[in-house]
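Just query_9.cif here, mmCIF, C-alpha atoms:
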data_data
#
loop_
_atom_site.label_atom_id
_atom_site.label_comp_id
_atom_site.auth_asym_id
_atom_site.auth_seq_id
_atom_site.Cartn_x
_atom_site.Cartn_y
_atom_site.Cartn_z
CA MET K 1 75.05 114.60 133.48
CA ILE K 2 77.28 111.73 134.66
CA GLU K 3 78.49 112.31 138.20
CA GLU K 4 82.26 111.92 138.29
CA GLY K 5 82.03 110.05 141.57
CA ASN K 6 79.82 107.46 139.96
CA ILE K 7 82.22 106.64 137.14
CA ASP K 8 84.42 104.41 139.32
CA LEU K 9 81.34 102.60 140.53
CA PHE K 10 80.05 102.11 136.99
CA GLU K 11 83.46 100.86 135.91
CA LYS K 12 83.63 98.37 138.77
CA TYR K 13 80.13 97.11 138.04
CA GLN K 14 80.95 96.78 134.35
CA HIS K 15 84.11 94.80 135.07
CA ASP K 16 82.42 92.71 137.73
CA ASP K 17 84.71 94.06 140.41
CA LEU K 18 82.04 94.68 143.03
CA THR K 19 81.47 92.33 145.92
CA SER K 20 78.22 90.43 145.92
CA ASP K 21 76.67 92.89 148.41
CA GLU K 22 77.93 95.94 146.52
CA LYS K 23 76.52 94.49 143.31
CA LYS K 24 73.13 93.90 144.93
CA ALA K 25 73.12 97.45 146.30
CA PHE K 26 74.09 98.83 142.88
CA GLU K 27 71.29 96.95 141.11
CA ALA K 28 68.77 97.96 143.76
CA ARG K 29 69.77 101.59 143.34
CA LEU K 30 69.15 101.31 139.61
CA VAL K 31 65.56 100.42 140.51
CA TYR K 32 64.74 103.06 143.10
CA ASP K 33 67.08 105.93 142.11
CA SER K 34 65.94 107.17 138.72
CA GLU K 35 68.71 109.80 138.50
CA PHE K 36 71.34 107.16 139.21
CA LYS K 37 69.74 104.90 136.60
CA GLU K 38 69.71 107.70 134.02
CA SER K 39 73.32 108.52 134.79
CA TYR K 40 74.33 104.87 134.31
CA GLU K 41 72.42 104.66 131.03
CA LYS K 42 74.22 107.74 129.80
CA TYR K 43 77.51 106.16 130.79
CA LEU K 44 76.60 103.05 128.80
CA ARG K 45 75.64 105.22 125.83
CA VAL K 46 79.07 106.86 125.88
CA GLY K 47 80.52 103.37 125.48
CA GLU K 48 78.23 102.74 122.51
CA GLY K 49 79.29 106.11 121.08
CA ILE K 50 82.97 105.13 121.34
CA SER K 51 82.30 101.91 119.46
CA GLU K 52 80.27 103.83 116.87
CA HIS K 53 83.10 106.34 116.42
CA TYR K 54 85.66 103.66 115.55
CA ARG K 55 83.18 101.79 113.39
CA SER K 56 82.52 105.01 111.43
CA GLU K 57 86.25 105.56 111.15
CA LEU K 58 86.70 102.13 109.60
CA LYS K 59 83.64 102.62 107.41
CA ASN K 60 85.10 105.85 106.08
CA LYS K 61 88.24 103.92 105.17
CA LEU K 62 86.05 101.44 103.28
CA LYS K 63 84.26 104.31 101.52
CA ASP K 64 87.59 105.83 100.49
CA PHE K 65 88.72 102.44 99.28
CA ASP K 66 85.52 102.13 97.25
CA LYS K 67 86.18 105.56 95.72
CA GLN K 68 89.71 104.49 94.82
CA LEU K 69 88.35 101.36 93.16
CA SER K 70 85.84 103.42 91.16
CA GLU K 71 88.47 105.97 90.17
CA LYS K 72 90.83 103.21 89.17
CA LYS K 73 88.04 101.73 87.06
CA LYS K 74 87.28 105.15 85.54
CA PHE K 75 90.98 105.77 84.99
CA SER K 76 91.36 102.39 83.28
CA TYR K 77 88.35 103.22 81.11
CA TRP K 78 89.78 106.61 80.13
CA LYS K 79 93.23 105.10 79.71
CA LEU K 80 91.79 102.51 77.32
CA THR K 81 89.73 105.12 75.47
CA GLY K 82 92.77 107.38 75.31
CA ALA K 83 94.94 104.58 74.02
CA ILE K 84 92.39 103.70 71.33
CA ALA K 85 92.09 107.37 70.34
CA ALA K 86 95.87 107.73 70.27
CA VAL K 87 96.27 104.66 68.08
CA PHE K 88 93.48 105.93 65.83
CA ILE K 89 95.00 109.41 65.51
CA LEU K 90 98.45 107.95 65.00
CA GLY K 91 97.04 105.63 62.35
CA ILE K 92 95.35 108.49 60.52
CA THR K 93 98.47 110.64 60.80
CA ILE K 94 100.71 107.88 59.47
CA THR K 95 98.26 107.08 56.69
CA ARG K 96 97.96 110.75 55.77
CA LEU K 97 101.69 111.24 56.04
CA PHE K 98 102.30 108.17 53.96
CA SER K 99 99.71 109.13 51.34
CA THR K 100 100.91 112.76 51.36
CA ASN K 101 104.43 111.58 50.79
CA ASN K 102 103.15 109.19 48.18
CA TYR K 103 101.17 111.90 46.34
CA GLU K 104 104.05 114.35 46.61
CA THR K 105 106.32 111.79 44.95
CA ILE K 106 103.77 111.27 42.15
CA VAL K 107 103.51 115.02 41.58
CA THR K 108 107.30 115.54 41.63
CA ASN K 109 107.81 112.67 39.20
CA HIS K 110 105.10 113.77 36.74
CA TRP K 111 105.37 117.56 36.90
CA LYS K 112 107.27 118.21 33.69
CA LYS K 113 109.28 121.42 33.43
CA GLU K 114 108.11 123.75 30.64
CA THR K 115 110.81 125.53 28.69
CA GLY K 116 108.61 128.56 28.08
CA LEU K 117 107.63 130.29 24.83
CA PRO K 118 110.36 131.34 22.39
CA VAL K 119 111.40 134.98 22.67
CA LYS K 120 112.10 136.69 19.35
CA MET K 121 115.08 139.00 19.25
CA SER K 122 113.77 141.11 16.31
CA THR K 123 110.33 142.11 17.52
CA LYS K 124 109.05 142.42 21.04
CA GLY K 125 106.08 140.13 21.78
CA LYS K 126 103.59 140.53 24.65
CA TYR K 127 104.90 137.46 26.48
CA ASP K 128 108.62 138.32 26.09
CA ASP K 129 109.25 139.93 29.48
CA ALA K 130 107.22 137.26 31.27
CA MET K 131 108.98 134.45 29.37
CA ASN K 132 112.42 135.92 30.05
CA ALA K 133 111.53 135.95 33.75
CA PHE K 134 110.07 132.40 33.43
CA LYS K 135 113.30 131.09 31.90
CA MET K 136 115.34 132.88 34.56
CA GLU K 137 113.04 131.36 37.23
CA GLU K 138 112.26 134.85 38.51
CA TRP K 139 108.78 133.80 39.53
CA SER K 140 107.49 137.00 41.13
CA THR K 141 108.48 139.06 38.06
CA CYS K 142 106.96 136.47 35.80
CA ILE K 143 103.69 136.51 37.78
CA LYS K 144 103.65 140.32 37.72
CA GLU K 145 104.10 140.30 33.94
CA LEU K 146 101.52 137.58 33.23
CA GLN K 147 98.70 138.71 35.53
CA PRO K 148 97.45 141.63 33.41
CA LEU K 149 97.44 139.61 30.17
CA GLN K 150 94.33 137.54 30.92
CA THR K 151 94.86 134.96 28.15
CA ASP K 152 94.87 131.15 28.20
CA THR K 153 98.61 131.17 27.52
CA ALA K 154 99.23 133.70 30.28
CA ASN K 155 97.07 131.73 32.69
CA TYR K 156 98.84 128.47 31.90
CA TYR K 157 102.27 129.94 32.63
CA LEU K 158 100.88 131.85 35.60
CA GLY K 159 99.66 128.53 37.03
CA LEU K 160 103.12 127.03 36.49
CA SER K 161 104.73 130.01 38.23
CA TYR K 162 102.41 129.74 41.22
CA TYR K 163 103.29 126.06 41.50
CA GLU K 164 106.98 126.94 41.58
CA ILE K 165 106.49 129.28 44.54
CA LYS K 166 104.24 126.66 46.20
CA GLU K 167 101.10 128.80 45.91
CA TYR K 168 99.10 125.68 45.10
CA GLN K 169 95.63 127.12 45.67
CA LYS K 170 96.37 130.06 43.37
CA ALA K 171 97.79 127.63 40.81
CA ILE K 172 94.59 125.56 40.99
CA ALA K 173 92.38 128.65 40.61
CA THR K 174 94.43 129.79 37.62
CA PHE K 175 94.41 126.42 35.81
CA GLU K 176 90.68 126.13 36.44
CA GLN K 177 90.14 129.34 34.42
CA ILE K 178 91.49 127.77 31.24
CA PRO K 179 88.52 126.93 29.01
CA SER K 180 87.97 123.53 27.41
CA THR K 181 88.49 125.09 23.96
CA SER K 182 92.02 126.19 24.81
CA ASN K 183 95.11 124.49 23.35
CA TYR K 184 96.39 124.26 26.90
CA ILE K 185 93.34 122.47 28.31
CA HIS K 186 94.83 118.94 28.51
CA ASN K 187 98.11 120.08 30.00
CA ALA K 188 96.25 122.39 32.37
CA GLN K 189 93.96 119.56 33.45
CA PHE K 190 96.86 117.20 33.95
CA ARG K 191 98.59 119.72 36.19
CA LEU K 192 95.32 120.48 37.92
CA GLY K 193 95.00 116.75 38.68
CA LEU K 194 98.49 116.73 40.18
CA LEU K 195 97.69 119.83 42.27
CA TYR K 196 94.50 118.18 43.57
CA LEU K 197 96.59 115.21 44.68
CA LEU K 198 98.82 117.54 46.68
CA SER K 199 95.91 118.77 48.80
CA ASN K 200 95.36 115.15 49.98
CA LEU K 201 91.70 115.81 50.75
CA PRO K 202 89.29 113.01 49.78
CA LYS K 203 87.15 115.34 47.62
CA ASP K 204 90.24 116.59 45.76
CA ILE K 205 91.59 113.07 45.29
CA GLU K 206 88.24 112.23 43.71
CA LYS K 207 88.51 115.27 41.41
CA ALA K 208 92.07 114.24 40.46
CA THR K 209 90.95 110.67 39.74
CA ASN K 210 88.16 111.96 37.45
CA LEU K 211 90.58 114.21 35.57
CA PHE K 212 93.18 111.44 35.10
CA GLN K 213 90.45 109.05 33.97
CA GLN K 214 89.33 111.54 31.31
CA LEU K 215 92.93 112.18 30.24
CA SER K 216 93.72 108.47 30.06
CA ILE K 217 91.31 108.04 27.15
CA HIS K 218 92.54 111.03 25.12
CA THR K 219 94.66 110.04 22.21
CA GLU K 220 95.83 113.57 21.26
CA HIS K 221 98.53 113.59 23.92
CA PRO K 222 99.95 110.09 24.21
CA GLU K 223 102.48 111.17 26.86
CA LEU K 224 99.62 112.54 29.05
CA VAL K 225 97.56 109.38 28.46
CA GLN K 226 100.48 107.24 29.57
CA SER K 227 101.20 109.37 32.66
CA ALA K 228 97.50 109.54 33.60
CA LYS K 229 97.28 105.74 33.46
CA ILE K 230 100.38 105.32 35.62
CA ILE K 231 99.06 107.84 38.16
CA LEU K 232 95.63 106.18 38.26
CA GLU K 233 97.32 102.87 38.96
CA LYS K 234 99.29 104.41 41.81
CA ILE K 235 96.41 106.22 43.48
CA LYS K 236 93.97 103.33 43.14
CA MET J 1 91.50 85.65 98.47
CA LYS J 2 88.56 83.59 97.27
CA GLN J 3 90.62 80.47 97.84
CA THR J 4 91.97 81.68 101.21
CA ASN J 5 90.79 79.70 104.14
CA TYR J 6 88.49 81.79 106.32
CA LYS J 7 90.55 80.70 109.31
CA ASP J 8 93.52 82.61 107.89
CA ILE J 9 91.34 85.69 107.56
CA PHE J 10 90.17 85.27 111.15
CA LYS J 11 93.77 84.95 112.26
CA GLN J 12 94.86 88.09 110.41
CA ILE J 13 91.93 90.12 111.74
CA ARG J 14 92.53 88.93 115.29
CA ALA J 15 96.18 89.90 114.89
CA GLY J 16 94.96 93.47 114.34
CA GLU J 17 95.23 93.58 110.54
CA GLU J 18 92.64 95.54 108.60
CA ALA J 19 93.90 94.51 105.16
CA PRO J 20 91.61 91.44 104.88
CA ILE J 21 88.47 93.61 105.03
CA PHE J 22 89.61 95.67 102.04
CA GLU J 23 90.52 92.51 100.20
CA MET J 24 87.07 91.03 100.94
CA TYR J 25 85.39 94.24 99.83
CA LYS J 26 87.36 94.27 96.60
CA ASN J 27 86.54 90.64 95.87
CA PHE J 28 82.83 90.62 96.59
CA HIS J 29 81.39 94.14 96.35
CA LYS J 30 80.69 94.10 92.62
CA GLU J 31 78.87 90.80 92.85
CA PHE J 32 76.86 92.01 95.82
CA LEU J 33 75.97 95.19 93.94
CA LYS J 34 74.74 93.19 90.96
CA TRP J 35 72.83 90.72 93.13
CA SER J 36 71.22 93.31 95.39
CA THR J 37 70.27 95.58 92.50
CA TYR J 38 68.57 92.68 90.76
CA GLN J 39 67.03 90.97 93.81
CA PHE J 40 66.03 93.95 95.94
CA LYS J 41 66.01 96.86 93.49
CA ALA J 42 68.70 98.49 95.59
CA THR J 43 70.38 101.68 94.46
CA GLU J 44 74.14 101.69 94.11
CA ASP J 45 74.51 103.79 97.27
CA GLN J 46 72.22 101.52 99.29
CA SER J 47 74.05 98.45 98.10
CA LYS J 48 77.50 99.84 98.88
CA ASP J 49 76.36 101.06 102.29
CA ALA J 50 74.85 97.66 103.15
CA PHE J 51 77.89 95.73 102.03
CA GLN J 52 80.25 98.02 103.95
CA GLU J 53 78.10 97.49 107.05
CA ALA J 54 78.18 93.73 106.51
CA ILE J 55 81.97 93.77 106.30
CA LEU J 56 82.16 95.84 109.49
CA ASP J 57 79.84 93.43 111.32
CA PHE J 58 81.96 90.54 110.18
CA TYR J 59 85.11 92.33 111.32
CA GLN J 60 83.68 93.20 114.73
CA ASN J 61 82.31 89.70 115.22
CA VAL J 62 85.66 88.15 114.41
CA ILE J 63 87.80 90.55 116.40
CA SER J 64 85.56 90.34 119.46
CA GLY J 65 85.59 86.55 119.32
CA HIS J 66 81.82 86.27 118.79
CA LEU J 67 82.46 84.58 115.45
CA THR J 68 84.95 81.75 115.51
CA VAL J 69 83.57 79.27 112.99
CA LEU J 70 81.87 79.69 109.62
CA THR J 71 79.34 77.06 108.67
CA CYS J 72 78.95 78.47 105.16
CA SER J 73 81.26 80.19 102.71
CA LEU J 74 82.58 83.63 103.54
CA LYS J 75 80.68 85.05 100.56
CA THR J 76 77.37 83.51 101.70
CA TYR J 77 77.93 84.87 105.19
CA LEU J 78 78.66 88.39 103.95
CA PHE J 79 75.77 88.37 101.46
CA GLU J 80 73.35 87.20 104.15
CA ILE J 81 74.34 89.99 106.56
CA GLY J 82 74.43 92.43 103.63
CA LYS J 83 70.90 91.46 102.67
CA HIS J 84 69.56 92.25 106.15
CA LYS J 85 71.51 95.48 106.29
CA LEU J 86 70.09 96.44 102.91
CA LEU J 87 66.51 95.70 103.93
CA ASN J 88 66.99 97.81 107.07
CA ILE J 89 68.43 100.67 105.03
CA GLN J 90 65.52 100.52 102.61
CA LYS J 91 63.02 100.37 105.48
CA LYS J 92 64.71 103.31 107.21
CA GLU J 93 64.75 105.38 104.04
CA ALA J 94 61.07 104.64 103.41
CA ARG J 95 60.30 105.62 107.01
CA LEU J 96 62.22 108.84 106.74
CA THR J 97 60.12 109.79 103.77
CA TYR J 98 57.04 109.80 105.98
CA ASN J 99 58.45 110.83 109.36
CA ASP J 100 56.66 114.17 109.29
CA THR J 101 53.43 112.26 109.95
CA ILE J 102 53.83 111.15 113.56
CA GLN J 103 50.99 108.60 113.24
CA LEU J 104 53.14 106.58 110.88
CA ILE J 105 55.71 105.94 113.61
CA ASP J 106 54.64 102.83 115.51
CA ASN J 107 55.27 102.36 119.24
CA GLY J 108 58.69 100.69 119.03
CA GLU J 109 59.98 103.24 116.60
CA PHE J 110 58.56 106.09 118.65
CA GLU J 111 60.46 104.82 121.72
CA SER J 112 63.64 104.58 119.76
CA PHE J 113 63.03 108.11 118.45
CA MET J 114 62.61 109.30 122.05
CA ASP J 115 65.77 107.41 123.08
CA GLU J 116 67.69 109.46 120.59
CA GLU J 117 66.28 112.61 122.16
CA LYS J 118 67.22 111.45 125.68
CA LYS J 119 70.88 110.95 124.75
CA GLU J 120 72.93 113.54 126.57
CA TYR J 121 75.79 113.49 124.13
CA THR J 122 75.61 113.42 120.40
CA GLN J 123 77.80 111.14 118.34
CA GLU J 124 79.62 114.20 117.05
CA GLN J 125 80.41 115.32 120.61
CA ILE J 126 81.68 111.87 121.55
CA SER J 127 83.91 111.83 118.46
CA GLN J 128 85.22 115.32 119.23
CA ALA J 129 85.90 114.40 122.87
CA LEU J 130 87.69 111.20 121.87
CA GLU J 131 90.00 113.12 119.59
CA LYS J 132 91.03 115.32 122.50
CA LEU J 133 92.26 112.34 124.52
CA PRO J 134 95.88 111.17 124.52
CA THR J 135 96.61 108.44 121.96
CA ASP J 136 97.00 105.68 124.55
CA CYS J 137 93.58 106.51 126.00
CA GLN J 138 92.01 106.46 122.55
CA GLU J 139 93.61 103.08 121.89
CA VAL J 140 92.46 101.55 125.20
CA LEU J 141 88.89 102.71 124.66
CA LYS J 142 88.96 101.48 121.07
CA LEU J 143 90.22 98.06 122.16
CA TYR J 144 87.59 97.78 124.86
CA TYR J 145 84.49 99.19 123.17
CA PHE J 146 85.06 98.61 119.47
CA LYS J 147 87.21 95.50 119.43
CA GLU J 148 85.64 94.19 122.64
CA TYR J 149 88.95 92.97 124.03
CA ASP J 150 89.03 91.77 127.60
CA MET J 151 91.37 93.42 130.08
CA GLU J 152 93.96 90.69 129.74
CA SER J 153 94.14 91.22 125.97
CA ILE J 154 94.28 95.00 126.40
CA SER J 155 97.20 94.74 128.81
CA ARG J 156 98.99 92.46 126.31
CA GLU J 157 98.26 94.74 123.39
CA MET J 158 99.27 97.89 125.26
CA ASN J 159 102.22 96.36 127.08
CA TYR J 160 100.74 97.04 130.50
CA LYS J 161 101.84 95.17 133.58
CA ASN J 162 98.59 93.23 133.97
CA ALA J 163 94.81 93.31 133.53
CA ASP J 164 94.36 95.51 136.61
CA THR J 165 96.65 98.15 135.15
CA ALA J 166 94.58 98.04 131.97
CA LYS J 167 91.39 98.37 134.02
CA SER J 168 92.72 101.41 135.89
CA LYS J 169 93.86 102.98 132.64
CA LYS J 170 90.48 102.38 131.02
CA SER J 171 88.69 103.86 134.02
CA LEU J 172 90.93 106.92 133.95
CA CYS J 173 90.37 107.36 130.22
CA MET J 174 86.60 107.15 130.65
CA LYS J 175 86.74 109.87 133.29
CA ARG J 176 88.78 112.10 131.00
CA LEU J 177 86.39 111.45 128.15
CA ILE J 178 83.36 112.31 130.26
CA GLN J 179 85.11 115.50 131.45
CA GLU J 180 85.74 116.47 127.83
CA LEU J 181 82.12 115.74 127.02
CA ALA J 182 80.97 117.89 129.92
CA LYS J 183 83.11 120.76 128.57
CA LEU J 184 81.64 120.33 125.12
CA SER J 185 78.10 120.28 126.52
CA LYS J 186 78.73 123.54 128.37
CA VAL J 187 80.04 125.16 125.21
CA PHE J 188 76.98 123.91 123.41
CA ILE J 189 74.62 125.34 126.09
CA LEU J 190 76.39 128.72 126.12
#
Translate the structure of the given file into structure tokens.
Amino acid sequence: MIEEGNIDLFEKYQHDDLTSDEKKAFEARLVYDSEFKESYEKYLRVGEGISEHYRSELKNKLKDFDKQLSEKKKFSYWKLTGAIAAVFILGITITRLFSTNNYETIVTNHWKKETGLPVKMSTKGKYDDAMNAFKMEEWSTCIKELQPLQTDTANYYLGLSYYEIKEYQKAIATFEQIPSTSNYIHNAQFRLGLLYLLSNLPKDIEKATNLFQQLSIHTEHPELVQSAKIILEKIK
Amino acid sequence: MKQTNYKDIFKQIRAGEEAPIFEMYKNFHKEFLKWSTYQFKATEDQSKDAFQEAILDFYQNVISGHLTVLTCSLKTYLFEIGKHKLLNIQKKEARLTYNDTIQLIDNGEFESFMDEEKKEYTQEQISQALEKLPTDCQEVLKLYYFKEYDMESISREMNYKNADTAKSKKSLCMKRLIQELAKLSKVFIL
């Protein structure tokens, strides 16, 4: 405990405001009066504590500043990583968009319209209703008529109908069912190649490339050979 | 900053600015971290702590007028203090690891340990009591004990009439602080 009455005395001693005799008496008391000495030491320790308090305060400011520097560094790191990722994603998106647009253009330019099978007026054939719908571009009716027929011809026109309603996966599945012995095989494969291009997936582009390569060496369909070569040149 | 004359830094610090210490920290702390990690196998925390202490020592030495001239570069000065601070931190941490075995505490350290015990007021209590004082009291005590200003400088800084007024104010503030501490001690005992 620091006696309140002693504080003035301690202050005067500290600021050298005691007379020579008072100073001597003070210092002598520090020697013989242990309680007085202890009280003075405590008073001095309070002073040290004050200094320590403000030092800690300033140190905390330095610690906060250090944190800010680290966060800034982290932020810069994440900002840089983010920017790289953004550029990368943007690059991929643009490339994909560009190639998608590019492939779409190829498909649109090379997807030839079929006129459909002739429909006889005298006798009713099994494809008549489907072909009438095909010519009228009534795709859902056409699909409904062709589905039960399960022939290469039906499948070829079914694939074309699916393409028209943008059911590309169903079109692919349908064209893939046409056997290699069918009269429609080369046309089906050509269209299959175009449909693979539309998916824009690397594995499908590879499949399309293989198909167009095979078609480019077939002499039976010169128009397909020519188109396949042009497409191969474009997707190279 | 690296090109700034140390005398300008001294001037700014003596004028009461704290900005130079943050600038110094920003400029040198990474290098100190690298150097101390390599030279003394310091951890990042130890290194930062030591360098912050070095900066504070520098600041207190300049503001109190104990340091007026640098005979080496500012960086060398800070690194030298930082090195000693770091070695003390490492020594202290090693000691703390074994402080449950009293035999490992030598005489000097044992006395210092006892000194801590004899302290009537904890640092936390002193900080709490200080915060209860009016702002002008806090400022006077800060100027006297932390910045080590003389009474003349305090009176100038605080716009008091003269050094005697500053002295009376400081004395009054100390009394109030000790009263606050006494209150806190009673609360603690209860």
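Restricting the calculation to all atoms listed in the file, the smallest distance between chain J and any of K:Thr151, K:Gln169, K:Ser56, K:Gln213 is found for K:Ser56.
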Contact set, chain K to chain J: 8 Å, all atoms listed in the file, as an MDAnalysis selection string: chainID K and resid 1:2 4 7:8 11 42 45:55 58:59 62:63 65 69
Computed interatomic separation between CA of Thr76 (chain J) and CA of Lys92 (chain J) (Å): 24.1 Å
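The spacing separating CA of Ser70 (chain K) from CA of Ala42 (chain J) amounts to 18.4 Å.
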Who sits within 10 Å of Asn183 (chain K), only C-alpha atoms, same chain under 5 positions skipped, as an MDAnalysis selection string: chainID K and resid 152:153 178 188
Atomic separation - CA of Asp8 (chain J) relative to CA of Tyr77 (chain J), Å: 16.0 Å
Contacts of Asn102 (chain K) at 10 Å (all atoms listed in the file; same-chain gap of 6+ positions) as a VMD selection string: chain K and resid 96 197 to 198 200 234 to 235
Residue by residue, what does the PyMOL selection byres ((chain K and resi 215) around 9) grab here? Present the result as a short mmCIF file (atom, residue, chain, number, x, y, z; two decimals) with C-alpha atoms, in the frame of the given file.
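Wrote part.cif, looks like this:
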data_model
loop_
_atom_site.label_atom_id
_atom_site.label_comp_id
_atom_site.auth_asym_id
_atom_site.auth_seq_id
_atom_site.Cartn_x
_atom_site.Cartn_y
_atom_site.Cartn_z
CA HIS K 186 94.83 118.94 28.51
CA GLN K 189 93.96 119.56 33.45
CA PHE K 190 96.86 117.20 33.95
CA ASN K 210 88.16 111.96 37.45
CA LEU K 211 90.58 114.21 35.57
CA PHE K 212 93.18 111.44 35.10
CA GLN K 213 90.45 109.05 33.97
CA GLN K 214 89.33 111.54 31.31
CA SER K 216 93.72 108.47 30.06
CA ILE K 217 91.31 108.04 27.15
CA HIS K 218 92.54 111.03 25.12
CA THR K 219 94.66 110.04 22.21
CA HIS K 221 98.53 113.59 23.92
CA LEU K 224 99.62 112.54 29.05
CA VAL K 225 97.56 109.38 28.46
CA ALA K 228 97.50 109.54 33.60
CA LYS K 229 97.28 105.74 33.46
#
Test item: the PyMOL selection byres ((chain K and resi 109-119) around 8) resolved as number ranges by chain: K: 105-108, 120-121, 124-125, 127-128, 131-132, 134-135, 157, 191, 194, 227
Please supply region 204-221 of chain K, rebuilt with N, CA and C atoms, as a compact mmCIF listing (two decimals), in the frame of the given file.
# COMPACT_ATOMS: atom_id res chain seq x y z
N ASP K 204 89.28 116.20 46.81
CA ASP K 204 90.24 116.59 45.76
C ASP K 204 90.85 115.37 45.08
N ILE K 205 91.05 114.31 45.87
CA ILE K 205 91.59 113.07 45.29
C ILE K 205 90.58 112.54 44.27
N GLU K 206 89.30 112.69 44.63
CA GLU K 206 88.24 112.23 43.71
C GLU K 206 88.27 113.04 42.42
N LYS K 207 88.44 114.39 42.59
CA LYS K 207 88.51 115.27 41.41
C LYS K 207 89.70 114.87 40.54
N ALA K 208 90.85 114.62 41.19
CA ALA K 208 92.07 114.24 40.46
C ALA K 208 91.83 112.94 39.70
N THR K 209 91.22 111.97 40.38
CA THR K 209 90.95 110.67 39.74
C THR K 209 90.10 110.86 38.48
N ASN K 210 89.04 111.70 38.62
CA ASN K 210 88.16 111.96 37.45
C ASN K 210 88.95 112.56 36.30
N LEU K 211 89.80 113.56 36.63
CA LEU K 211 90.58 114.21 35.57
C LEU K 211 91.53 113.23 34.88
N PHE K 212 92.24 112.40 35.71
CA PHE K 212 93.18 111.44 35.10
C PHE K 212 92.45 110.38 34.29
N GLN K 213 91.23 110.04 34.74
CA GLN K 213 90.45 109.05 33.97
C GLN K 213 90.10 109.61 32.59
N GLN K 214 89.67 110.91 32.60
CA GLN K 214 89.33 111.54 31.31
C GLN K 214 90.57 111.62 30.41
N LEU K 215 91.69 112.02 31.02
CA LEU K 215 92.93 112.18 30.24
C LEU K 215 93.45 110.84 29.71
N SER K 216 93.17 109.78 30.45
CA SER K 216 93.72 108.47 30.06
C SER K 216 93.07 107.92 28.79
N ILE K 217 91.95 108.53 28.38
CA ILE K 217 91.31 108.04 27.15
C ILE K 217 91.50 109.02 25.97
N HIS K 218 92.27 110.08 26.20
CA HIS K 218 92.54 111.03 25.12
C HIS K 218 93.74 110.56 24.31
N THR K 219 93.56 110.55 23.04
CA THR K 219 94.66 110.04 22.21
C THR K 219 95.54 111.16 21.66
N GLU K 220 95.08 112.43 21.83
CA GLU K 220 95.83 113.57 21.26
C GLU K 220 97.21 113.73 21.91
N HIS K 221 97.27 113.42 23.19
CA HIS K 221 98.53 113.59 23.92
C HIS K 221 98.96 112.26 24.50
